[in-house]
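> So I've got this file, structure27.txt, and it contains compact mmCIF, C-alpha atoms and all ligand atoms:
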```txt
# COMPACT_ATOMS: atom_id res chain seq x y z
CA MET A 15 -31.00 208.89 139.03
CA ALA A 16 -30.37 212.53 138.17
CA LYS A 17 -29.10 215.62 139.98
CA ILE A 18 -32.04 217.99 140.06
CA LEU A 19 -32.59 221.58 141.17
CA VAL A 20 -36.10 222.71 142.13
CA THR A 21 -36.42 226.47 142.65
CA GLY A 22 -39.38 227.26 144.87
CA GLY A 23 -38.87 223.77 146.31
CA ALA A 24 -40.31 224.67 149.72
CA GLY A 25 -43.56 225.90 148.23
CA PHE A 26 -46.82 224.08 147.77
CA VAL A 27 -46.18 222.49 144.34
CA GLY A 28 -42.39 222.44 144.81
CA SER A 29 -42.52 220.38 148.01
CA HIS A 30 -44.71 217.71 146.37
CA LEU A 31 -42.41 217.68 143.34
CA CYS A 32 -39.26 217.28 145.49
CA GLU A 33 -40.93 214.45 147.39
CA GLN A 34 -41.82 212.55 144.22
CA LEU A 35 -38.37 213.09 142.66
CA LEU A 36 -36.71 211.76 145.82
CA ARG A 37 -39.05 208.74 145.89
CA GLU A 38 -37.90 207.99 142.35
CA GLY A 39 -34.28 207.89 143.57
CA ASN A 40 -32.99 211.28 142.40
CA GLU A 41 -30.69 213.74 144.12
CA VAL A 42 -32.66 216.93 144.79
CA ILE A 43 -31.63 220.45 145.75
CA ALA A 44 -34.53 222.71 146.74
CA LEU A 45 -33.80 226.42 146.47
CA ASP A 46 -36.16 228.82 148.21
CA ASP A 47 -36.24 232.19 149.97
CA PHE A 48 -39.22 231.10 152.13
CA SER A 49 -41.22 234.19 151.14
CA THR A 50 -44.46 232.32 150.42
CA GLY A 51 -43.21 228.78 151.05
CA ASN A 52 -42.06 227.31 154.31
CA SER A 53 -39.28 224.97 155.39
CA ASP A 54 -41.95 222.98 157.29
CA ASN A 55 -43.22 221.82 153.87
CA VAL A 56 -40.01 219.87 153.31
CA LEU A 57 -39.06 219.01 156.89
CA HIS A 58 -40.03 215.38 156.32
CA LEU A 59 -37.65 215.20 153.33
CA ALA A 60 -34.64 215.61 155.64
CA ALA A 61 -34.89 211.82 156.01
CA TYR A 62 -33.49 211.53 152.48
CA LYS A 63 -29.67 211.83 152.30
CA ALA A 64 -30.13 212.90 148.67
CA PHE A 65 -32.09 216.03 149.69
CA THR A 66 -30.57 219.49 150.26
CA LEU A 67 -32.44 222.67 151.11
CA VAL A 68 -30.75 225.97 150.25
CA GLU A 69 -32.00 229.43 151.19
CA HIS A 70 -31.53 231.78 148.24
CA ASP A 71 -33.40 234.49 146.34
CA VAL A 72 -33.62 233.61 142.61
CA THR A 73 -33.35 237.27 141.60
CA GLU A 74 -29.64 236.74 142.47
CA PRO A 75 -27.53 234.34 140.35
CA TYR A 76 -26.66 230.88 141.66
CA ASP A 77 -24.67 227.85 140.58
CA PHE A 78 -25.15 224.13 141.15
CA ASP A 79 -23.85 221.06 139.38
CA VAL A 80 -27.19 219.69 138.17
CA GLU A 81 -28.68 218.05 135.07
CA LEU A 82 -32.31 219.13 135.41
CA ILE A 83 -33.78 222.43 136.65
CA TYR A 84 -37.43 222.90 137.55
CA ASN A 85 -37.94 226.67 137.83
CA LEU A 86 -40.94 227.12 140.14
CA ALA A 87 -39.87 230.00 142.38
CA CYS A 88 -42.51 232.73 142.21
CA PRO A 89 -45.40 233.85 144.40
CA ALA A 90 -48.50 232.27 142.83
CA SER A 91 -51.62 233.53 144.56
CA PRO A 92 -53.08 236.95 143.66
CA PRO A 93 -52.73 238.49 147.18
CA HIS A 94 -49.12 237.30 147.39
CA TYR A 95 -48.00 238.37 143.94
CA GLN A 96 -49.81 241.71 144.20
CA ALA A 97 -48.24 242.54 147.59
CA ASP A 98 -45.00 243.61 145.86
CA PRO A 99 -45.77 243.65 142.13
CA VAL A 100 -42.39 245.05 141.09
CA LYS A 101 -40.61 242.24 142.88
CA THR A 102 -43.02 239.72 141.29
CA THR A 103 -42.02 240.80 137.79
CA LEU A 104 -38.35 240.67 138.75
CA ILE A 105 -38.71 237.18 140.21
CA SER A 106 -40.31 235.90 137.02
CA VAL A 107 -37.89 237.57 134.65
CA LEU A 108 -34.57 237.42 136.56
CA GLY A 109 -35.54 234.03 137.99
CA ALA A 110 -35.95 232.69 134.44
CA VAL A 111 -32.69 234.32 133.28
CA HIS A 112 -30.77 232.73 136.16
CA ALA A 113 -32.30 229.28 135.70
CA LEU A 114 -31.69 229.42 131.93
CA SER A 115 -28.12 230.73 132.36
CA LEU A 116 -27.38 227.80 134.65
CA GLY A 117 -28.96 225.52 132.05
CA LYS A 118 -26.65 227.02 129.42
CA ARG A 119 -23.54 226.77 131.63
CA ARG A 120 -24.14 223.21 132.84
CA ARG A 121 -25.95 221.95 129.75
CA ALA A 122 -28.89 221.19 132.03
CA ARG A 123 -32.51 220.92 130.87
CA VAL A 124 -34.78 223.68 132.23
CA LEU A 125 -38.52 223.36 132.85
CA GLN A 126 -40.22 226.72 133.33
CA ALA A 127 -43.40 226.78 135.46
CA SER A 128 -45.68 229.05 133.46
CA THR A 129 -49.36 229.55 134.05
CA SER A 130 -52.86 229.69 132.62
CA GLU A 131 -52.61 233.41 133.47
CA VAL A 132 -50.73 233.87 130.18
CA TYR A 133 -54.22 233.52 128.62
CA GLY A 134 -55.52 236.40 130.79
CA ASP A 135 -59.31 236.78 130.71
CA PRO A 136 -59.68 234.41 127.76
CA LEU A 137 -61.93 234.95 124.75
CA VAL A 138 -61.36 231.37 123.61
CA HIS A 139 -62.73 228.53 125.70
CA PRO A 140 -61.31 226.04 126.62
CA GLN A 141 -57.80 227.40 126.18
CA PRO A 142 -55.43 225.58 123.79
CA GLU A 143 -51.71 226.35 123.79
CA SER A 144 -52.12 228.08 120.40
CA TYR A 145 -54.31 230.82 121.97
CA ALA A 146 -52.21 233.99 122.42
CA GLY A 147 -54.34 235.26 125.32
CA CYS A 148 -56.08 238.43 126.37
CA VAL A 149 -54.00 240.08 129.08
CA ASN A 150 -54.43 243.59 130.45
CA THR A 151 -50.86 244.92 130.57
CA LEU A 152 -51.86 247.71 132.95
CA GLY A 153 -53.92 245.97 135.64
CA PRO A 154 -52.96 244.61 139.06
CA ARG A 155 -52.53 241.06 137.70
CA ALA A 156 -50.10 242.20 134.98
CA CYS A 157 -47.01 241.84 137.19
CA TYR A 158 -47.63 238.10 137.33
CA ASP A 159 -49.17 237.54 133.89
CA GLU A 160 -46.65 239.62 131.95
CA GLY A 161 -43.75 238.41 134.11
CA LYS A 162 -44.64 234.83 133.22
CA ARG A 163 -45.15 235.71 129.54
CA CYS A 164 -41.71 237.37 129.43
CA ALA A 165 -40.24 234.27 131.12
CA GLU A 166 -41.72 232.12 128.34
CA SER A 167 -40.13 234.30 125.67
CA LEU A 168 -36.77 234.11 127.48
CA VAL A 169 -37.07 230.33 127.52
CA MET A 170 -37.54 230.26 123.75
CA ASP A 171 -34.69 232.75 123.20
CA PHE A 172 -32.24 230.70 125.28
CA HIS A 173 -33.39 227.63 123.38
CA ARG A 174 -32.92 229.25 119.95
CA MET A 175 -29.74 231.22 120.73
CA TYR A 176 -27.88 228.81 122.99
CA GLN A 177 -29.59 225.47 122.30
CA VAL A 178 -30.60 225.11 125.95
CA GLU A 179 -32.98 222.16 126.31
CA THR A 180 -36.17 223.75 127.56
CA ARG A 181 -39.70 222.79 128.60
CA ILE A 182 -42.64 225.12 129.27
CA VAL A 183 -45.62 224.04 131.34
CA ARG A 184 -48.74 226.19 131.63
CA ILE A 185 -50.20 225.19 134.97
CA PHE A 186 -53.92 225.65 135.61
CA ASN A 187 -55.33 226.09 139.15
CA THR A 188 -53.80 223.39 141.32
CA TYR A 189 -54.73 222.57 144.91
CA GLY A 190 -53.99 220.01 147.60
CA PRO A 191 -52.39 219.35 150.97
CA ARG A 192 -49.81 221.90 152.22
CA MET A 193 -51.43 224.93 150.64
CA ALA A 194 -50.56 227.80 152.96
CA PHE A 195 -53.41 228.96 155.22
CA ASP A 196 -52.73 232.55 154.15
CA ASP A 197 -52.38 231.61 150.48
CA GLY A 198 -55.56 233.49 149.59
CA ARG A 199 -56.58 231.22 146.72
CA VAL A 200 -60.12 230.01 146.56
CA VAL A 201 -59.71 226.35 147.57
CA SER A 202 -57.61 227.07 150.65
CA ASN A 203 -59.81 230.03 151.63
CA PHE A 204 -63.05 228.04 151.40
CA ILE A 205 -61.68 225.02 153.30
CA LEU A 206 -60.20 227.16 156.05
CA GLN A 207 -63.38 229.22 156.35
CA ALA A 208 -65.59 226.12 156.44
CA LEU A 209 -63.46 224.36 159.07
CA THR A 210 -63.17 227.39 161.33
CA GLY A 211 -66.85 228.39 161.04
CA ASP A 212 -66.14 231.65 159.14
CA GLU A 213 -68.23 232.89 156.24
CA LEU A 214 -67.21 231.54 152.81
CA THR A 215 -66.25 234.58 150.74
CA ILE A 216 -67.39 234.31 147.13
CA TYR A 217 -65.92 237.14 145.04
CA GLY A 218 -68.55 238.54 142.67
CA ASP A 219 -71.67 236.46 142.09
CA GLY A 220 -69.75 233.18 141.99
CA THR A 221 -70.62 232.35 138.38
CA GLN A 222 -66.98 232.62 137.23
CA THR A 223 -65.43 229.23 136.53
CA ARG A 224 -62.13 227.50 137.21
CA SER A 225 -60.81 223.97 136.65
CA PHE A 226 -59.00 222.47 139.61
CA CYS A 227 -56.16 219.97 139.37
CA PHE A 228 -55.05 217.86 142.33
CA VAL A 229 -51.36 218.40 143.03
CA ALA A 230 -50.33 214.72 142.59
CA ASP A 231 -51.75 214.76 139.05
CA LEU A 232 -49.86 217.95 138.24
CA VAL A 233 -46.56 216.61 139.63
CA GLY A 234 -46.89 213.48 137.47
CA GLY A 235 -47.34 215.71 134.42
CA LEU A 236 -44.37 217.94 135.30
CA ILE A 237 -42.05 214.93 135.57
CA ARG A 238 -43.33 213.44 132.30
CA LEU A 239 -42.79 216.73 130.48
CA MET A 240 -39.26 217.09 131.88
CA GLN A 241 -38.50 213.53 130.77
CA HIS A 242 -39.88 214.03 127.27
CA PRO A 243 -36.95 213.87 124.83
CA THR A 244 -37.95 216.73 122.52
CA GLU A 245 -41.10 218.69 123.45
CA THR A 246 -40.17 222.38 123.60
CA ARG A 247 -43.66 223.77 122.90
CA PRO A 248 -45.76 224.96 125.86
CA VAL A 249 -47.94 222.25 127.38
CA ASN A 250 -51.10 222.93 129.40
CA LEU A 251 -51.44 220.85 132.55
CA GLY A 252 -54.65 220.85 134.54
CA ASN A 253 -57.91 219.06 135.07
CA PRO A 254 -60.51 220.03 132.47
CA GLU A 255 -63.51 219.54 134.78
CA GLU A 256 -64.95 223.03 135.22
CA PHE A 257 -66.86 224.44 138.21
CA THR A 258 -68.35 227.77 139.22
CA MET A 259 -67.06 229.23 142.48
CA ARG A 260 -70.57 228.85 143.89
CA GLN A 261 -70.49 225.11 143.12
CA LEU A 262 -67.09 224.87 144.77
CA ALA A 263 -68.34 226.64 147.90
CA HIS A 264 -71.26 224.22 148.23
CA GLU A 265 -69.05 221.18 147.65
CA VAL A 266 -66.66 222.34 150.40
CA LEU A 267 -69.58 222.95 152.78
CA THR A 268 -70.95 219.47 152.09
CA LEU A 269 -67.61 217.71 152.49
CA THR A 270 -66.67 219.54 155.71
CA ARG A 271 -70.27 219.31 157.03
CA SER A 272 -69.88 222.98 157.90
CA SER A 273 -72.77 225.33 158.64
CA SER A 274 -70.77 228.41 157.60
CA ARG A 275 -72.70 231.00 155.60
CA VAL A 276 -71.77 231.95 152.04
CA VAL A 277 -71.33 235.70 151.43
CA GLU A 278 -70.50 237.75 148.34
CA ARG A 279 -67.51 240.11 148.27
CA PRO A 280 -66.38 242.47 145.48
CA LEU A 281 -64.89 240.79 142.41
CA PRO A 282 -61.18 241.63 142.04
CA VAL A 283 -60.13 243.73 139.01
CA ASP A 284 -59.44 241.67 135.84
CA ASP A 285 -60.64 238.45 137.49
CA PRO A 286 -60.93 235.95 134.59
CA LYS A 287 -64.55 234.90 133.98
CA GLN A 288 -63.82 231.38 132.84
CA ARG A 289 -60.90 229.02 132.63
CA ARG A 290 -60.55 225.45 131.47
CA PRO A 291 -57.47 223.84 129.94
CA ASP A 292 -57.52 222.16 126.59
CA ILE A 293 -55.22 219.25 127.51
CA ARG A 294 -55.15 217.46 124.17
CA ARG A 295 -51.43 218.18 123.72
CA ALA A 296 -50.57 216.84 127.20
CA ARG A 297 -52.70 213.78 126.54
CA GLU A 298 -51.15 213.07 123.16
CA VAL A 299 -47.53 213.93 123.91
CA LEU A 300 -47.25 212.87 127.56
CA GLY A 301 -50.14 210.44 128.02
CA PHE A 302 -51.29 212.85 130.77
CA ARG A 303 -54.63 211.98 132.36
CA PRO A 304 -55.67 213.64 135.63
CA ARG A 305 -57.00 210.88 137.90
CA VAL A 306 -58.17 212.64 141.06
CA ALA A 307 -61.70 214.04 140.83
CA LEU A 308 -62.50 217.27 142.68
CA ARG A 309 -64.44 215.54 145.45
CA GLU A 310 -61.64 213.12 146.29
CA GLY A 311 -58.96 215.81 146.07
CA LEU A 312 -60.97 218.13 148.30
CA LEU A 313 -61.41 215.36 150.89
CA ARG A 314 -57.64 214.77 150.98
CA THR A 315 -56.99 218.50 151.27
CA ILE A 316 -59.59 218.92 154.02
CA GLU A 317 -57.97 216.08 155.95
CA ASP A 318 -54.58 217.83 155.73
CA PHE A 319 -56.07 221.17 156.84
CA ARG A 320 -57.78 219.45 159.80
CA GLU A 321 -54.47 217.92 160.88
CA ARG A 322 -52.60 221.21 160.62
CA LEU A 323 -55.40 223.06 162.46
CA ARG A 324 -55.32 220.25 165.05
CA LEU A 325 -59.04 219.65 164.61
CA PRO A 326 -60.41 216.19 165.35
CA ALA A 327 -60.49 214.02 162.22
CA ASP A 328 -63.86 213.68 160.57
CA VAL A 329 -64.65 209.96 160.32
CA ARG A 330 -65.71 210.29 156.72
CA THR A 331 -62.82 212.57 155.76
CA ALA A 332 -60.25 210.45 157.55
CA SER A 333 -61.27 207.39 155.55
CA ALA A 334 -61.40 209.51 152.38
CA GLY A 335 -59.82 207.32 149.67
CA GLY A 336 -62.99 206.42 147.81
CA GLY A 337 -64.61 209.81 148.56
P1 LIG B 1 -46.04 228.81 146.36
O1 LIG B 1 -46.12 230.25 146.70
O2 LIG B 1 -46.48 227.82 147.37
O3 LIG B 1 -44.57 228.41 145.92
C1 LIG B 1 -43.65 229.31 145.39
C2 LIG B 1 -42.33 229.09 146.11
O4 LIG B 1 -41.35 229.97 145.55
C3 LIG B 1 -42.40 229.42 147.60
O5 LIG B 1 -41.79 228.40 148.35
C4 LIG B 1 -41.65 230.73 147.73
O6 LIG B 1 -41.07 230.90 149.01
C5 LIG B 1 -40.65 230.59 146.61
N1 LIG B 1 -40.16 231.88 146.14
C6 LIG B 1 -40.89 232.99 145.84
N2 LIG B 1 -40.08 233.99 145.48
C7 LIG B 1 -38.80 233.49 145.53
C8 LIG B 1 -37.53 234.04 145.27
N3 LIG B 1 -37.38 235.31 144.88
N4 LIG B 1 -36.44 233.25 145.43
C9 LIG B 1 -36.58 231.97 145.84
N5 LIG B 1 -37.76 231.40 146.11
C10 LIG B 1 -38.85 232.16 145.95
O7 LIG B 1 -46.86 228.61 144.99
P2 LIG B 1 -47.15 227.29 144.16
O8 LIG B 1 -48.61 227.21 144.00
O9 LIG B 1 -46.41 226.14 144.71
O10 LIG B 1 -46.55 227.70 142.74
C11 LIG B 1 -45.34 227.15 142.25
C12 LIG B 1 -45.11 227.60 140.82
O11 LIG B 1 -46.18 227.11 139.99
C13 LIG B 1 -45.08 229.11 140.64
O12 LIG B 1 -44.10 229.43 139.67
C14 LIG B 1 -46.44 229.44 140.10
O13 LIG B 1 -46.43 230.60 139.31
C15 LIG B 1 -46.76 228.19 139.28
N6 LIG B 1 -48.22 228.00 139.16
C16 LIG B 1 -48.94 227.51 140.21
C17 LIG B 1 -50.32 227.37 140.06
C18 LIG B 1 -51.18 226.82 141.17
O14 LIG B 1 -52.41 226.76 141.00
N7 LIG B 1 -50.65 226.37 142.29
C19 LIG B 1 -50.95 227.73 138.87
C20 LIG B 1 -50.17 228.24 137.84
C21 LIG B 1 -48.79 228.36 137.99
N1 LIG B 2 -62.21 233.61 144.86
C1 LIG B 2 -63.35 233.63 145.65
N2 LIG B 2 -63.19 233.64 147.00
C2 LIG B 2 -61.98 233.61 147.60
C3 LIG B 2 -60.82 233.57 146.80
C4 LIG B 2 -60.98 233.58 145.42
O1 LIG B 2 -64.48 233.63 145.15
O2 LIG B 2 -61.93 233.62 148.85
C5 LIG B 2 -62.41 233.57 143.39
C6 LIG B 2 -61.48 234.52 142.60
O3 LIG B 2 -62.08 235.77 142.48
C7 LIG B 2 -61.41 233.77 141.26
C8 LIG B 2 -61.49 232.30 141.66
O4 LIG B 2 -62.05 232.27 142.97
O5 LIG B 2 -62.52 234.08 140.46
C9 LIG B 2 -60.14 231.61 141.69
O6 LIG B 2 -59.28 232.43 142.45
P1 LIG B 2 -57.81 232.00 142.87
O7 LIG B 2 -57.22 233.14 143.62
O8 LIG B 2 -57.85 230.68 143.53
O9 LIG B 2 -57.03 231.76 141.50
P2 LIG B 2 -56.97 232.58 140.11
O10 LIG B 2 -57.88 233.76 140.11
O11 LIG B 2 -55.53 232.96 140.00
O12 LIG B 2 -57.40 231.56 139.12
```
Mind turning this structure into structure tokens?

Amino acid sequence: MAKILVTGGAGFVGSHLCEQLLREGNEVIALDDFSTGNSDNVLHLAAYKAFTLVEHDVTEPYDFDVELIYNLACPASPPHYQADPVKTTLISVLGAVHALSLGKRRRARVLQASTSEVYGDPLVHPQPESYAGCVNTLGPRACYDEGKRCAESLVMDFHRMYQVETRIVRIFNTYGPRMAFDDGRVVSNFILQALTGDELTIYGDGTQTRSFCFVADLVGGLIRLMQHPTETRPVNLGNPEEFTMRQLAHEVLTLTRSSSRVVERPLPVDDPKQRRPDIRRAREVLGFRPRVALREGLLRTIEDFRERLRLPADVRTASAGGG
């Protein structure tokens, strides 16, 4: 049992993380400004006496008596983080400074949620942690990519200068129940479009690839990394199965039994062409093995979207489990 702070705790990943930490018997404080997350995501956690939800913006300092800090607060989808790019950089940088300062003050361990975006549009494939990346410092994604890269360097500086116990996780595309309808990322867009009969919008020709990790697998990896006694190097977490966006669109259409059309839309600037994590370090150091295949994870996500859209359950989706 530990006292744990989760910044961004009312977000998509944060809410699943808080839930799992509470299940394991911990005391959890979720800190969030509800800018891209929603208190509805953690409403069901009010049943736990050990859960507290606090509204706060991480660009302002804060103080809590905790032993572990998961620093997740940051808009994560391109439309969200590009809406106010200056604020995005400040959230990453000041958010990291405040989490790390609390770690220093309270001698608490800090896990920083970094991202595969630190690799930019990668020239090395799949991406190992040793790859320094290929990021355009001037483009519309730079606020997020460079903000997260600066946060990583702050983590290492606090570790070296003040001996703060730190962990860095580089998260690759993660999806699952509770993704916001307006999130704008590809999995939530395609599912929403398929269920509501809208056209599925493929950006570019759909040959770009991503690797999708189901949120429960990611959360397991985050907790293992936090619990690791010594690992301060960055660790990739994701599912190395790789798909084109066209394959993903067809899988979503099949699983939702939707007759929506697929259309092409312009490819966003600096959109990475390929992305797949090299997870050897996570496997060796944490014993991390993603268990939920894309099909099964999509079925569980579709079921959640149907419920939230108040659509009748699909017999096959409702009995998902085996996919
Ligand atoms: P999300 O937008 O659902 O969650 C982010 C949460 O942070 C939201 O609840 C939001 O309200 C909160 N937040 C944003 N700015 C804040 C601020 N200034 N103060 C306090 N709270 C603030 O996104 P997510 O997918 O759950 O991402 C969580 C973390 O994981 C982020 O740091 C993101 O960069 C990282 N990540 C996610 C993915 C992914 O595929 N989901 C991939 C790589 C990295
Ligand atoms: N994408 C798409 N249609 C959409 C949303 C996204 O084809 O409606 C593409 C996007 O251009 C990118 C990929 O899907 O190539 C993954 O995008 P997402 O925003 O989910 O994550 P990221 O680009 O940050 O990996």
> Which of these residues is nearest to Leu269 (chain A), using only C-alpha atoms: A:Pro99, A:Gly109, A:Gly311, A:Gly161?
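Checking each of A:Pro99, A:Gly109, A:Gly311, A:Gly161 against Leu269 (chain A), counting only C-alpha atoms, the winner is A:Gly311.
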> With all atoms listed in the file as the atoms that count, which of A:Gln177, A:Gln261, A:Asn187, A:Ser274 lies nearest to ligand LIG 2 (chain B)?
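Using all atoms listed in the file, ligand LIG 2 (chain B) sits closest to A:Asn187.
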> Closest to ligand LIG 1 (chain B) among A:His58, A:His112, A:Arg184, A:Arg294, using only C-alpha atoms and all ligand atoms?
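Ranking A:His58, A:His112, A:Arg184, A:Arg294 by distance to ligand LIG 1 (chain B), first place goes to A:Arg184.
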> Can you tell me, as a ChimeraX atom specification, what residues are no more than 10 Å from region 221-228 of chain A when counting all atoms listed in the file, ignoring any on the same chain fewer than 2 positions away?
/A:185-191,200-201,216-219,230-233,251-262,281,285-291,304-308,310-312,314-315
> Let me have all residues with an atom within 6 Å of ligand LIG 1 (chain B), counting only C-alpha atoms and all ligand atoms, laid out as a PyMOL selection string.
chain A and resi 22-28+46-51+70-73+86-90+105+127-129+185-188
> Can you work out the spacing between CA of Asp284 (chain A) and CA of Gln126 (chain A) in Å, to one decimal?
24.5 Å
> Taking into account only C-alpha atoms and all ligand atoms, which residue in the set A:Glu69, A:Glu179, A:Glu278, A:Asp318 is nearest to ligand LIG 2 (chain B)?
A:Glu278
> Select, counting all atoms listed in the file, all protein, DNA and RNA residues no farther than 12 Å from (-70.3, 222.4, 156.1) in file coordinates, and express the selection as a list in words.
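The residues that fall inside the cut-off are Phe204, Ile205, Leu206, Gln207, Ala208, Leu209, Thr210, Gly211, Asp212, Glu213, Leu214, Ala263, His264, Glu265, Val266, Leu267, Thr268, Leu269, Thr270, Arg271, Ser272, Ser273, Ser274, Arg275, Val276, Ile316 and Asp328 of chain A.
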> In terms of the shortest atom-to-atom distance over all atoms listed in the file, which of A:Val183, A:Ala156, A:Leu300, A:Leu57 is closest to Thr102 (chain A)?
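The answer is A:Ala156, which sits nearest to Thr102 (chain A).
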> Which residue gives the smallest distance to Tyr145 (chain A) among A:Leu19, A:Val100, A:Leu116, A:Val249, with all atoms listed in the file counted?
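Smallest distance to Tyr145 (chain A) is found for A:Val249.
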> Can you tell me, as number ranges by chain, what residues are no more than 9 Å from Val124 (chain A) when counting only C-alpha atoms, ignoring any on the same chain fewer than 3 positions away?
A: 81-85, 113-114, 116-117, 169, 178-182, 240
> Please measure the separation of CA of Ala61 (chain A) and CA of Arg37 (chain A), giving the value in Å to one decimal.
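Between CA of Ala61 (chain A) and CA of Arg37 (chain A) the gap is 11.4 Å.
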